[in-house]
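Engineer: Okay, so here is final.cif, and as you'll see once you scroll down, it has mmCIF, C-alpha atoms and all ligand atoms.
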```cif
data_data
#
loop_
_atom_site.label_atom_id
_atom_site.label_comp_id
_atom_site.auth_asym_id
_atom_site.auth_seq_id
_atom_site.Cartn_x
_atom_site.Cartn_y
_atom_site.Cartn_z
CA MET W 1374 76.48 48.01 22.70
CA ASN W 1375 74.90 48.58 26.12
CA PRO W 1376 74.29 45.38 28.09
CA LYS W 1377 70.68 44.20 28.30
CA ILE W 1378 68.96 45.46 31.45
CA SER W 1379 66.74 43.09 33.35
CA ALA W 1380 64.67 43.85 36.45
CA ALA W 1381 66.03 42.02 39.49
CA ILE W 1382 64.16 41.54 42.75
CA THR W 1383 66.65 42.91 45.28
CA ALA W 1384 64.58 42.92 48.50
CA VAL W 1385 61.31 41.58 49.88
CA GLY W 1386 59.09 42.94 52.65
CA GLY W 1387 55.85 41.72 54.15
CA PHE W 1388 53.17 42.42 56.70
CA VAL W 1389 50.35 40.36 58.17
CA PRO W 1390 48.03 41.66 60.90
CA GLU W 1391 48.29 40.06 64.34
CA THR W 1392 44.65 39.02 64.71
CA LYS W 1393 44.01 35.42 63.65
CA LEU W 1394 40.68 34.07 62.44
CA THR W 1395 40.86 30.29 62.89
CA ASN W 1396 38.63 27.54 61.54
CA ALA W 1397 37.36 27.10 65.10
CA ASP W 1398 36.32 30.78 65.14
CA LEU W 1399 34.46 30.31 61.84
CA GLU W 1400 32.66 27.24 63.22
CA ARG W 1401 31.05 29.64 65.71
CA MET W 1402 30.05 32.12 62.97
CA VAL W 1403 28.66 29.95 60.12
CA ASP W 1404 27.60 26.35 59.47
CA THR W 1405 31.04 24.90 58.70
CA ASN W 1406 33.71 22.76 60.30
CA ASP W 1407 37.47 22.53 60.50
CA GLU W 1408 37.59 19.20 58.66
CA TRP W 1409 35.61 20.54 55.65
CA ILE W 1410 37.70 23.72 55.39
CA LYS W 1411 41.02 21.91 55.70
CA SER W 1412 40.19 19.12 53.28
CA ARG W 1413 38.51 21.35 50.63
CA THR W 1414 40.91 24.33 50.81
CA GLY W 1415 43.97 23.57 53.00
CA ILE W 1416 43.29 26.66 55.15
CA GLU W 1417 43.65 26.57 58.95
CA GLU W 1418 43.71 30.27 59.83
CA ARG W 1419 43.82 33.72 58.24
CA ARG W 1420 44.92 37.17 59.46
CA ILE W 1421 42.40 39.99 59.81
CA LEU W 1422 43.18 43.71 60.00
CA LYS W 1423 41.12 44.85 62.98
CA GLY W 1424 40.57 48.41 64.13
CA THR W 1425 38.86 51.49 62.81
CA GLY W 1426 40.74 53.76 60.48
CA LEU W 1427 42.93 50.96 59.16
CA ALA W 1428 43.05 50.11 55.47
CA SER W 1429 45.12 48.32 52.84
CA SER W 1430 47.71 51.12 52.87
CA ASP W 1431 48.36 50.40 56.57
CA MET W 1432 49.60 46.92 55.63
CA ALA W 1433 51.45 47.96 52.47
CA ALA W 1434 53.37 50.76 54.23
CA PRO W 1435 55.12 48.57 56.84
CA ALA W 1436 55.91 45.97 54.16
CA ILE W 1437 57.63 48.66 52.07
CA LYS W 1438 59.43 50.19 55.05
CA GLN W 1439 60.80 46.75 55.90
CA LEU W 1440 61.92 46.23 52.31
CA CYS W 1441 63.80 49.56 52.33
CA GLU W 1442 65.53 48.67 55.60
CA ARG W 1443 66.59 45.29 54.26
CA ARG W 1444 68.02 46.88 51.11
CA GLY W 1445 69.55 49.78 53.01
CA ILE W 1446 67.79 52.51 51.07
CA THR W 1447 65.50 55.34 52.11
CA PRO W 1448 61.95 55.61 50.68
CA LYS W 1449 63.08 58.88 49.04
CA GLU W 1450 65.05 56.77 46.55
CA ILE W 1451 61.94 54.95 45.26
CA ASP W 1452 61.00 56.05 41.72
CA CYS W 1453 57.57 54.44 41.54
CA ILE W 1454 55.14 52.39 43.62
CA ILE W 1455 52.77 50.03 41.83
CA CYS W 1456 50.03 48.81 44.13
CA ALA W 1457 48.13 45.66 43.14
CA THR W 1458 44.85 45.50 45.03
CA VAL W 1459 41.09 44.90 44.79
CA THR W 1460 40.55 46.60 48.13
CA PRO W 1461 41.89 50.13 47.65
CA ASP W 1462 41.56 52.43 50.67
CA MET W 1463 39.11 54.51 48.61
CA VAL W 1464 37.74 54.42 45.06
CA PHE W 1465 40.11 57.34 44.48
CA PRO W 1466 42.80 58.54 44.93
CA ALA W 1467 44.98 55.55 44.20
CA THR W 1468 46.16 53.62 47.25
CA ALA W 1469 49.70 53.89 45.84
CA ASN W 1470 49.55 57.64 46.50
CA ILE W 1471 48.40 57.10 50.07
CA ILE W 1472 51.16 54.54 50.61
CA SER W 1473 53.78 56.95 49.19
CA ASP W 1474 52.73 59.50 51.78
CA LYS W 1475 52.77 56.96 54.63
CA VAL W 1476 56.28 55.69 53.82
CA GLY W 1477 57.76 59.07 52.81
CA ALA W 1478 58.36 58.13 49.16
CA VAL W 1479 58.27 61.82 48.28
CA ASN W 1480 60.05 61.41 44.94
CA ALA W 1481 57.91 58.56 43.65
CA PHE W 1482 54.97 58.50 41.30
CA GLY W 1483 52.56 55.63 41.70
CA PHE W 1484 49.36 53.99 40.61
CA ASP W 1485 47.08 51.08 41.43
CA LEU W 1486 46.71 48.07 39.19
CA GLU W 1487 43.59 45.94 39.50
CA ALA W 1488 43.82 42.41 38.21
CA ALA W 1489 42.42 40.59 41.26
CA CYS W 1490 44.50 37.58 42.29
CA SER W 1491 46.81 38.06 39.29
CA GLY W 1492 47.45 41.69 40.24
CA PHE W 1493 50.91 41.05 41.62
CA LEU W 1494 52.09 39.26 38.47
CA TYR W 1495 50.60 41.93 36.20
CA SER W 1496 52.28 44.63 38.32
CA LEU W 1497 55.59 42.80 38.36
CA THR W 1498 55.56 42.69 34.56
CA VAL W 1499 54.74 46.41 34.29
CA GLY W 1500 57.36 47.28 36.92
CA ALA W 1501 59.96 45.17 35.13
CA SER W 1502 59.24 47.03 31.88
CA LEU W 1503 59.87 50.39 33.60
CA ILE W 1504 63.26 49.11 34.76
CA GLU W 1505 64.09 47.50 31.39
CA SER W 1506 63.37 50.83 29.66
CA GLY W 1507 66.41 52.24 31.42
CA ARG W 1508 64.46 55.24 32.76
CA TYR W 1509 63.87 54.04 36.33
CA LYS W 1510 66.16 52.49 38.95
CA LYS W 1511 63.94 51.55 41.88
CA ILE W 1512 60.38 50.32 41.46
CA VAL W 1513 58.36 48.94 44.36
CA VAL W 1514 55.64 46.43 43.52
CA VAL W 1515 53.30 45.79 46.43
CA GLY W 1516 50.43 43.31 46.51
CA VAL W 1517 47.98 44.12 49.29
CA ASP W 1518 44.42 43.24 50.14
CA LYS W 1519 42.15 43.78 53.09
CA MET W 1520 39.72 41.09 51.97
CA SER W 1521 37.90 41.26 55.30
CA ALA W 1522 36.47 44.58 54.05
CA ILE W 1523 34.52 42.86 51.25
CA VAL W 1524 33.80 39.42 52.75
CA ASP W 1525 30.30 38.53 53.96
CA TYR W 1526 30.93 36.74 57.25
CA SER W 1527 27.52 35.10 57.05
CA ASP W 1528 28.35 33.38 53.71
CA ARG W 1529 30.19 30.13 54.45
CA THR W 1530 31.25 29.62 50.84
CA THR W 1531 33.48 32.71 50.79
CA CYS W 1532 34.23 33.75 54.38
CA ILE W 1533 36.35 30.67 55.03
CA ILE W 1534 38.74 31.46 52.19
CA PHE W 1535 39.97 35.01 52.44
CA GLY W 1536 42.45 36.87 54.68
CA ASP W 1537 44.35 40.16 54.87
CA GLY W 1538 48.02 40.89 54.20
CA ALA W 1539 50.67 42.67 52.12
CA GLY W 1540 53.89 41.70 50.39
CA ALA W 1541 56.31 43.94 48.49
CA VAL W 1542 59.37 43.57 46.29
CA LEU W 1543 61.95 46.07 45.07
CA LEU W 1544 62.96 45.92 41.40
CA GLU W 1545 66.36 47.26 40.32
CA PRO W 1546 68.36 47.08 37.07
CA ASN W 1547 70.62 44.08 36.57
CA THR W 1548 72.99 43.43 33.68
CA GLU W 1549 74.11 39.93 34.65
CA GLY W 1550 71.01 38.05 33.54
CA TYR W 1551 69.11 37.93 36.83
CA GLY W 1552 65.55 39.02 37.53
CA ILE W 1553 62.22 38.86 35.70
CA MET W 1554 63.01 36.65 32.70
CA ASP W 1555 59.64 36.19 31.02
CA SER W 1556 55.93 36.59 31.69
CA LEU W 1557 52.81 35.17 30.09
CA LEU W 1558 49.68 37.04 31.17
CA LYS W 1559 46.12 36.36 30.10
CA SER W 1560 42.62 37.68 30.66
CA ASP W 1561 39.08 36.70 29.70
CA GLY W 1562 36.25 39.08 30.55
CA THR W 1563 33.63 36.36 30.16
CA GLY W 1564 34.77 35.19 33.61
CA LEU W 1565 33.03 38.22 35.12
CA LYS W 1566 29.84 36.32 35.89
CA HIS W 1567 31.59 33.82 38.14
CA LEU W 1568 33.49 36.21 40.43
CA HIS W 1569 32.77 39.88 41.11
CA MET W 1570 31.39 42.50 43.48
CA LYS W 1571 27.97 43.64 42.31
CA ALA W 1572 27.77 47.20 43.66
CA GLY W 1573 29.93 50.16 44.60
CA GLY W 1574 31.20 50.81 41.05
CA SER W 1575 29.82 53.02 38.27
CA LEU W 1576 27.45 50.24 37.14
CA ASN W 1577 25.64 50.06 40.48
CA PRO W 1578 26.67 52.99 42.68
CA SER W 1579 26.14 52.44 46.40
CA THR W 1580 22.62 53.01 47.66
CA ALA W 1581 20.79 51.96 50.80
CA GLU W 1582 19.27 49.19 48.67
CA THR W 1583 22.60 47.80 47.40
CA VAL W 1584 23.85 47.72 50.96
CA ALA W 1585 20.69 46.01 52.22
CA ASN W 1586 21.09 43.43 49.44
CA LYS W 1587 24.69 42.73 50.53
CA GLN W 1588 26.00 43.68 47.09
CA HIS W 1589 29.24 45.10 48.44
CA TYR W 1590 30.58 41.66 49.21
CA ILE W 1591 32.43 39.14 47.05
CA TYR W 1592 30.18 37.07 44.83
CA GLN W 1593 31.87 33.82 43.79
CA GLU W 1594 30.64 30.67 42.07
CA GLY W 1595 33.32 28.55 43.68
CA GLN W 1596 33.07 25.40 41.62
CA SER W 1597 33.18 27.21 38.27
CA VAL W 1598 36.13 29.36 39.32
CA PHE W 1599 37.87 26.25 40.62
CA LYS W 1600 37.59 24.48 37.25
CA PHE W 1601 38.94 27.47 35.29
CA ALA W 1602 41.69 28.04 37.86
CA VAL W 1603 43.01 24.49 37.81
CA LYS W 1604 43.27 24.51 34.02
CA GLY W 1605 44.36 28.13 33.60
CA MET W 1606 47.19 28.12 36.14
CA ALA W 1607 48.57 24.78 34.96
CA ASP W 1608 48.29 25.62 31.23
CA VAL W 1609 50.02 28.97 31.47
CA SER W 1610 52.79 27.54 33.66
CA ALA W 1611 53.45 24.70 31.23
CA GLU W 1612 53.38 27.08 28.23
CA LEU W 1613 55.83 29.50 29.83
CA LEU W 1614 58.26 26.70 30.67
CA GLU W 1615 58.01 25.31 27.16
CA ARG W 1616 58.70 28.61 25.41
CA ASN W 1617 61.80 29.06 27.59
CA ASN W 1618 62.98 25.48 26.88
CA LEU W 1619 62.68 24.59 30.57
CA THR W 1620 61.11 21.66 32.39
CA GLY W 1621 60.05 21.23 36.01
CA ASP W 1622 63.57 19.92 36.72
CA ASP W 1623 64.99 23.40 36.01
CA ILE W 1624 62.66 25.08 38.54
CA SER W 1625 63.84 25.53 42.13
CA TRP W 1626 60.49 26.81 43.41
CA LEU W 1627 56.91 27.07 42.25
CA VAL W 1628 55.37 30.17 43.83
CA PRO W 1629 51.63 29.74 43.27
CA HIS W 1630 48.73 32.02 44.14
CA GLN W 1631 47.26 30.60 47.35
CA ALA W 1632 43.55 30.21 46.56
CA ASN W 1633 43.02 26.54 47.26
CA ARG W 1634 45.50 23.80 48.17
CA ARG W 1635 43.95 21.53 45.55
CA ILE W 1636 44.61 24.09 42.75
CA ILE W 1637 48.23 24.43 43.94
CA ASP W 1638 48.76 20.66 43.97
CA ALA W 1639 47.24 20.25 40.49
CA THR W 1640 49.57 22.93 39.06
CA ALA W 1641 52.65 21.37 40.68
CA GLU W 1642 51.72 17.95 39.38
CA ARG W 1643 51.15 19.21 35.84
CA ILE W 1644 54.67 20.65 35.59
CA GLY W 1645 56.23 17.74 37.46
CA LEU W 1646 57.33 19.49 40.66
CA PRO W 1647 57.53 17.57 43.96
CA PRO W 1648 55.82 19.13 47.01
CA GLU W 1649 59.14 20.17 48.58
CA LYS W 1650 59.67 22.62 45.69
CA VAL W 1651 56.30 24.33 46.11
CA MET W 1652 55.76 27.34 48.37
CA VAL W 1653 52.57 26.84 50.38
CA ASN W 1654 51.45 29.08 53.23
CA ILE W 1655 47.70 28.98 52.57
CA HIS W 1656 47.18 27.15 55.88
CA ARG W 1657 48.45 30.25 57.76
CA TYR W 1658 47.10 33.18 55.75
CA GLY W 1659 44.26 31.87 53.55
CA ASN W 1660 43.73 33.68 50.23
CA THR W 1661 45.06 37.24 50.50
CA THR W 1662 44.33 37.93 46.77
CA ALA W 1663 47.11 40.22 45.41
CA ALA W 1664 49.34 39.53 48.42
CA THR W 1665 49.66 35.74 48.24
CA ILE W 1666 52.69 35.52 45.93
CA PRO W 1667 54.83 38.24 47.58
CA LEU W 1668 53.90 36.81 51.00
CA CYS W 1669 55.32 33.46 49.85
CA LEU W 1670 58.52 35.22 48.72
CA TRP W 1671 58.62 36.93 52.13
CA ASP W 1672 58.21 33.67 54.04
CA TRP W 1673 60.83 31.85 51.93
CA LYS W 1674 63.28 34.74 51.39
CA ASP W 1675 66.00 33.22 53.58
CA GLN W 1676 65.87 29.92 51.71
CA LEU W 1677 66.36 31.43 48.24
CA HIS W 1678 69.75 31.41 46.54
CA LYS W 1679 71.25 33.47 43.75
CA GLY W 1680 70.45 31.79 40.43
CA ASP W 1681 67.37 29.88 41.65
CA ASN W 1682 64.67 29.67 38.97
CA LEU W 1683 61.26 30.60 40.38
CA LEU W 1684 57.99 30.03 38.54
CA LEU W 1685 55.27 32.38 39.80
CA ALA W 1686 51.69 31.50 38.79
CA ALA W 1687 48.27 32.99 39.52
CA PHE W 1688 44.60 32.82 38.58
CA GLY W 1689 41.83 35.13 39.69
CA GLY W 1690 38.82 37.33 39.07
CA GLY W 1691 38.35 38.81 35.62
CA PHE W 1692 39.25 36.15 34.75
CA THR W 1693 42.93 37.03 34.85
CA TRP W 1694 45.79 34.61 35.02
CA GLY W 1695 49.46 34.27 34.24
CA ALA W 1696 52.92 32.98 35.03
CA THR W 1697 56.29 34.69 35.44
CA LEU W 1698 59.81 33.29 35.45
CA VAL W 1699 62.27 34.86 37.87
CA LYS W 1700 65.99 34.16 38.25
CA TRP W 1701 66.71 35.05 41.87
CA ALA W 1702 69.37 37.76 42.08
CA TYR W 1703 70.84 37.56 45.58
O1 LIG F 1801 41.52 33.46 44.35
C1 LIG F 1801 40.57 33.83 43.40
C2 LIG F 1801 40.05 32.68 42.67
N1 LIG F 1801 39.26 31.84 43.54
C3 LIG F 1801 39.49 30.54 43.58
O2 LIG F 1801 40.39 30.06 42.95
C4 LIG F 1801 38.52 29.70 44.39
C5 LIG F 1801 38.15 28.45 43.63
N2 LIG F 1801 37.12 27.68 44.29
C6 LIG F 1801 37.35 26.96 45.42
O3 LIG F 1801 38.41 27.04 46.00
C7 LIG F 1801 36.27 26.02 45.88
O4 LIG F 1801 35.28 25.91 44.90
C8 LIG F 1801 35.62 26.42 47.23
C9 LIG F 1801 36.60 26.25 48.36
C10 LIG F 1801 35.09 27.85 47.15
C11 LIG F 1801 34.43 25.48 47.51
O5 LIG F 1801 34.86 24.14 47.50
P1 LIG F 1801 34.11 23.06 46.61
O6 LIG F 1801 34.79 21.80 46.85
O7 LIG F 1801 34.06 23.56 45.20
O8 LIG F 1801 32.69 23.02 47.26
P2 LIG F 1801 31.27 23.19 46.56
O9 LIG F 1801 30.98 24.60 46.29
O10 LIG F 1801 31.16 22.21 45.42
O11 LIG F 1801 30.31 22.66 47.72
C12 LIG F 1801 30.29 21.29 48.12
C13 LIG F 1801 29.35 21.16 49.31
C14 LIG F 1801 28.01 21.85 49.11
O12 LIG F 1801 27.02 21.09 49.78
P3 LIG F 1801 26.06 20.10 48.98
O13 LIG F 1801 25.33 20.96 47.99
O14 LIG F 1801 26.95 19.10 48.33
O15 LIG F 1801 25.20 19.53 50.06
C15 LIG F 1801 28.18 23.17 49.83
O16 LIG F 1801 26.98 23.72 50.26
O17 LIG F 1801 29.94 21.79 50.45
C16 LIG F 1801 29.05 22.76 50.99
N3 LIG F 1801 29.84 23.85 51.54
C17 LIG F 1801 30.32 23.84 52.79
N4 LIG F 1801 30.24 22.96 53.79
C18 LIG F 1801 30.85 23.24 54.93
C19 LIG F 1801 30.23 25.00 50.93
N5 LIG F 1801 30.96 25.73 51.77
C20 LIG F 1801 31.03 25.05 52.93
C21 LIG F 1801 31.66 25.30 54.15
N6 LIG F 1801 31.54 24.37 55.13
N7 LIG F 1801 32.35 26.42 54.39
#
```
Is it possible to give me this structure as structure tokens?

Structural biologist:
Amino acid sequence: MNPKISAAITAVGGFVPETKLTNADLERMVDTNDEWIKSRTGIEERRILKGTGLASSDMAAPAIKQLCERRGITPKEIDCIICATVTPDMVFPATANIISDKVGAVNAFGFDLEAACSGFLYSLTVGASLIESGRYKKIVVVGVDKMSAIVDYSDRTTCIIFGDGAGAVLLEPNTEGYGIMDSLLKSDGTGLKHLHMKAGGSLNPSTAETVANKQHYIYQEGQSVFKFAVKGMADVSAELLERNNLTGDDISWLVPHQANRRIIDATAERIGLPPEKVMVNIHRYGNTTAATIPLCLWDWKDQLHKGDNLLLAAFGGGFTWGATLVKWAY
């Protein structure tokens, strides 16, 4: 019998733009203050992709190039690029196609996957299935968002939260029991009303009026989303551990979506993980939507050891949420 194939993460790449938007900068733009932002969200600064002609693909491409260098492969070896994003370069074609061109992944097919802040976990699960099928050997999953493109910088309830960035992982077959072990993904379309962008889609195509009404920016009812997020992320994490007969003691690292420090802390507490086992970089990057989880992996990559159990967890627009167990492979 052929050994069971699992999808191992074999390299990580990342990219954040140089320009920083600090809490002090925001104090000059809207009625807010550093103390409020830090205590309510944990954020101190975010990165912003500045410059005309630059889009999500311009952050994803360097992240993927870095990943290829680290793994010692050329982009020509990539079979598929799955791009998780809510800020595609254009409505179509898929940003994955644009990225393929920018990195020279001439033998890859690719597509975008839109599941808001859970996009990376959804994409990781789909990418893992392609590897587990035995048909593909090298799948890149990239989470990227240029949130500054859809943030209203006169709305203090949203502009303090979001930032830009990209993180990517390479998935390859493994027959020794390392890689993506299990995933529990959920969605609930009734969450639409609490978090969405009103115009620019087929429901409300762009017009001068939709632009004047600022309908191309994020609309979020923060408190409602917060309540669902705290419960959703903790519940799904606990359920995934339970069905794998694991407890918090078996987990080396919690890798949570970085939306709000208080949501992260509540999730860690629920599964009994001390702060030193929780990846937190929200203070440096803010909420980069699909990029938060791979950017954590990127920041912590040198501290991870073969065999470490990682619990990845996310909650976001849709609503979408989920958790994934990863046994680190290198
Ligand atoms: O990643 C995708 C999923 N998104 C999330 O998970 C986000 C979840 N939500 C949150 O993180 C939080 O709800 C926010 C950070 C968005 C807001 O924090 P909050 O503690 O829920 O604040 P709030 O909306 O309840 O507002 C409390 C007060 C209000 O003033 P009053 O009515 O009590 O006088 C707001 O007007 O804080 C005020 N406020 C601010 N004050 C200073 C709201 N934003 C600001 C601000 N600076 N930037």

Engineer: One decimal, Å: what's the distance from atom CA of Val1459 of chain W over to atom CA of Asp1398 of chain W, could you say?

Structural biologist: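 Here the two named atoms are 25.2 Å from each other.
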
Engineer: Between chain W and ligand LIG 1801 (chain F), at 7 Å or less, what are the per-residue closest atom pairs and their distances in Å? Count all atoms listed in the file, order by chain and rising residue number, and return it as JSON lines.

Structural biologist:
```
{"residue": "W:Asp1404", "atom": "CA", "partner": "F:LIG1801", "partner_atom": "N6", "distance": 6.2}
{"residue": "W:Thr1405", "atom": "CA", "partner": "F:LIG1801", "partner_atom": "N6", "distance": 3.6}
{"residue": "W:Asn1406", "atom": "CA", "partner": "F:LIG1801", "partner_atom": "N6", "distance": 5.8}
{"residue": "W:Trp1409", "atom": "CA", "partner": "F:LIG1801", "partner_atom": "C18", "distance": 5.5}
{"residue": "W:Ile1410", "atom": "CA", "partner": "F:LIG1801", "partner_atom": "N7", "distance": 6.1}
{"residue": "W:Arg1413", "atom": "CA", "partner": "F:LIG1801", "partner_atom": "O6", "distance": 5.3}
{"residue": "W:Thr1414", "atom": "CA", "partner": "F:LIG1801", "partner_atom": "C9", "distance": 5.3}
{"residue": "W:Cys1490", "atom": "CA", "partner": "F:LIG1801", "partner_atom": "O1", "distance": 5.5}
{"residue": "W:Arg1529", "atom": "CA", "partner": "F:LIG1801", "partner_atom": "N7", "distance": 4.3}
{"residue": "W:Thr1530", "atom": "CA", "partner": "F:LIG1801", "partner_atom": "N5", "distance": 4.0}
{"residue": "W:Thr1531", "atom": "CA", "partner": "F:LIG1801", "partner_atom": "C10", "distance": 6.3}
{"residue": "W:Ile1533", "atom": "CA", "partner": "F:LIG1801", "partner_atom": "N7", "distance": 5.9}
{"residue": "W:Ile1534", "atom": "CA", "partner": "F:LIG1801", "partner_atom": "C9", "distance": 6.8}
{"residue": "W:Gly1595", "atom": "CA", "partner": "F:LIG1801", "partner_atom": "O4", "distance": 3.5}
{"residue": "W:Gln1596", "atom": "CA", "partner": "F:LIG1801", "partner_atom": "O4", "distance": 4.0}
{"residue": "W:Val1598", "atom": "CA", "partner": "F:LIG1801", "partner_atom": "C5", "distance": 4.8}
{"residue": "W:Phe1599", "atom": "CA", "partner": "F:LIG1801", "partner_atom": "C5", "distance": 3.7}
{"residue": "W:Ala1602", "atom": "CA", "partner": "F:LIG1801", "partner_atom": "O2", "distance": 5.6}
{"residue": "W:Ala1632", "atom": "CA", "partner": "F:LIG1801", "partner_atom": "O1", "distance": 4.4}
{"residue": "W:Asn1633", "atom": "CA", "partner": "F:LIG1801", "partner_atom": "O3", "distance": 4.8}
{"residue": "W:Asn1660", "atom": "CA", "partner": "F:LIG1801", "partner_atom": "O1", "distance": 6.3}
{"residue": "W:Thr1662", "atom": "CA", "partner": "F:LIG1801", "partner_atom": "O1", "distance": 5.8}
{"residue": "W:Phe1688", "atom": "CA", "partner": "F:LIG1801", "partner_atom": "C2", "distance": 6.1}
{"residue": "W:Gly1689", "atom": "CA", "partner": "F:LIG1801", "partner_atom": "C1", "distance": 4.1}
{"residue": "W:Gly1690", "atom": "CA", "partner": "F:LIG1801", "partner_atom": "C1", "distance": 5.8}
```

Engineer: Distance atom CA of Gly1659 of chain W-atom CA of His1678 of chain W, one decimal place?

Structural biologist: 26.4 Å

Engineer: Pick from W:Leu1503, W:Asp1474, W:Ile1666, W:Phe1465: nearest to Gly1574 of chain W, with all atoms listed in the file counted?

Structural biologist: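 Of the candidates, the smallest distance to Gly1574 of chain W is held by W:Phe1465.
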
Engineer: At what distance in Å, to one decimal, does atom CA of Tyr1551 of chain W lie from atom CA of Leu1683 of chain W?

Structural biologist: 11.3 Å

Engineer: Contacts of segment 1446-1450 of chain W at 9 Å or less, counting all atoms listed in the file, minus same-chain residues fewer than 3 places along, as a PyMOL selection string?

Structural biologist: chain W and resi 1437-1438+1440-1443+1473+1476-1481+1510-1511

Engineer: Hey, can you pull every residue with an atom no more than 7 Å from (50.9, 38.0, 35.7), using only C-alpha atoms, and send it as a PDB file with C-alpha atoms, in the frame of the given file?

Structural biologist:
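Below is the file that was written, selection_12.pdb:
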```pdb
ATOM      1  CA  SER W1491      46.810  38.060  39.290  1.00  0.00           C
ATOM      2  CA  GLY W1492      47.450  41.690  40.240  1.00  0.00           C
ATOM      3  CA  PHE W1493      50.910  41.050  41.620  1.00  0.00           C
ATOM      4  CA  LEU W1494      52.090  39.260  38.470  1.00  0.00           C
ATOM      5  CA  TYR W1495      50.600  41.930  36.200  1.00  0.00           C
ATOM      6  CA  THR W1498      55.560  42.690  34.560  1.00  0.00           C
ATOM      7  CA  SER W1556      55.930  36.590  31.690  1.00  0.00           C
ATOM      8  CA  LEU W1557      52.810  35.170  30.090  1.00  0.00           C
ATOM      9  CA  LEU W1558      49.680  37.040  31.170  1.00  0.00           C
ATOM     10  CA  ALA W1687      48.270  32.990  39.520  1.00  0.00           C
ATOM     11  CA  TRP W1694      45.790  34.610  35.020  1.00  0.00           C
ATOM     12  CA  GLY W1695      49.460  34.270  34.240  1.00  0.00           C
ATOM     13  CA  ALA W1696      52.920  32.980  35.030  1.00  0.00           C
ATOM     14  CA  THR W1697      56.290  34.690  35.440  1.00  0.00           C
TER      15      THR W1697
END
```

Engineer: Quick one: everything within 7 Å of Ile1553 of chain W, counting all atoms listed in the file, minus sequence neighbours fewer than 3 positions away in the same chain. Send it as a ChimeraX atom specification.

Structural biologist: /W:1379-1381,1501,1698-1700

Engineer: Looking at W:Leu1677, W:Val1524, W:Ala1541, W:Ile1382, which one is nearest to Ile1455 of chain W, with distances taken over only C-alpha atoms?

Structural biologist: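 Going through W:Leu1677, W:Val1524, W:Ala1541, W:Ile1382 one by one, the smallest distance to Ile1455 of chain W is for W:Ala1541.
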
Engineer: With a distance cut-off of 9 Å and only C-alpha atoms, select the neighbouring residues of Met1570 of chain W, excluding the residue or stretch itself and same-chain residues fewer than 4 positions from it, and output the selection as a list in words.

Structural biologist: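 In the requested form, the answer reads Ile1523, Gly1574, Gln1588, His1589, Tyr1590, Ile1591, Tyr1592 and Gln1593 of chain W.
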
Engineer: Nearest residue to Tyr1509 of chain W out of W:Thr1468, W:Pro1461, W:Ile1451, W:Trp1626, using only C-alpha atoms?

Structural biologist: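 Smallest distance to Tyr1509 of chain W is found for W:Ile1451.
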
Engineer: Which residues come within 7 Å of Ser1521 of chain W, counting only C-alpha atoms, excluding same-chain residues fewer than 4 positions away, as a short mmCIF file (atom, residue, chain, number, x, y, z; two decimals) with C-alpha atoms, in the frame of the given file?

Structural biologist:
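In the end it all went to result.cif:
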```cif
data_model
loop_
_atom_site.label_atom_id
_atom_site.label_comp_id
_atom_site.auth_asym_id
_atom_site.auth_seq_id
_atom_site.Cartn_x
_atom_site.Cartn_y
_atom_site.Cartn_z
CA ILE W 1421 42.40 39.99 59.81
CA GLY W 1536 42.45 36.87 54.68
CA ASP W 1537 44.35 40.16 54.87
#
```

Engineer: For Asn1470 of chain W, which of W:Thr1548, W:Gly1621, W:Ser1430, W:Glu1487 is the closest residue, counting all atoms listed in the file?

Structural biologist: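 The shortest atom-to-atom distance to Asn1470 of chain W comes from W:Ser1430.
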
Engineer: Measuring atom to atom with all atoms listed in the file, identify which of W:Ser1502, W:Asn1682, W:Thr1693, W:Gln1631 is nearest to Tyr1658 of chain W.

Structural biologist: W:Gln1631

Engineer: For segment 1574-1581 of chain W of the block above, can you save N, CA and C atoms as an mmCIF file, in the first residue's frame?

Structural biologist:
```
data_model
loop_
_atom_site.group_PDB
_atom_site.id
_atom_site.type_symbol
_atom_site.label_atom_id
_atom_site.label_comp_id
_atom_site.auth_asym_id
_atom_site.auth_seq_id
_atom_site.Cartn_x
_atom_site.Cartn_y
_atom_site.Cartn_z
ATOM 1 N N GLY W 1574 -19.436 45.574 -6.595
ATOM 2 C CA GLY W 1574 -19.740 44.214 -7.050
ATOM 3 C C GLY W 1574 -20.944 44.231 -7.973
ATOM 4 N N SER W 1575 -21.475 43.043 -8.303
ATOM 5 C CA SER W 1575 -22.587 42.997 -9.263
ATOM 6 C C SER W 1575 -23.896 43.486 -8.639
ATOM 7 N N LEU W 1576 -23.959 43.523 -7.308
ATOM 8 C CA LEU W 1576 -25.166 44.040 -6.648
ATOM 9 C C LEU W 1576 -25.288 45.551 -6.836
ATOM 10 N N ASN W 1577 -24.192 46.248 -6.586
ATOM 11 C CA ASN W 1577 -24.163 47.708 -6.727
ATOM 12 C C ASN W 1577 -22.927 48.105 -7.525
ATOM 13 N N PRO W 1578 -22.981 47.968 -8.850
ATOM 14 C CA PRO W 1578 -21.799 48.340 -9.640
ATOM 15 C C PRO W 1578 -21.397 49.792 -9.367
ATOM 16 N N SER W 1579 -20.127 50.084 -9.556
ATOM 17 C CA SER W 1579 -19.615 51.424 -9.271
ATOM 18 C C SER W 1579 -20.306 52.482 -10.123
ATOM 19 N N THR W 1580 -20.740 53.533 -9.462
ATOM 20 C CA THR W 1580 -21.251 54.714 -10.164
ATOM 21 C C THR W 1580 -20.687 55.925 -9.440
ATOM 22 N N ALA W 1581 -20.881 57.097 -10.041
ATOM 23 C CA ALA W 1581 -20.416 58.320 -9.376
ATOM 24 C C ALA W 1581 -21.082 58.439 -8.004
#
```
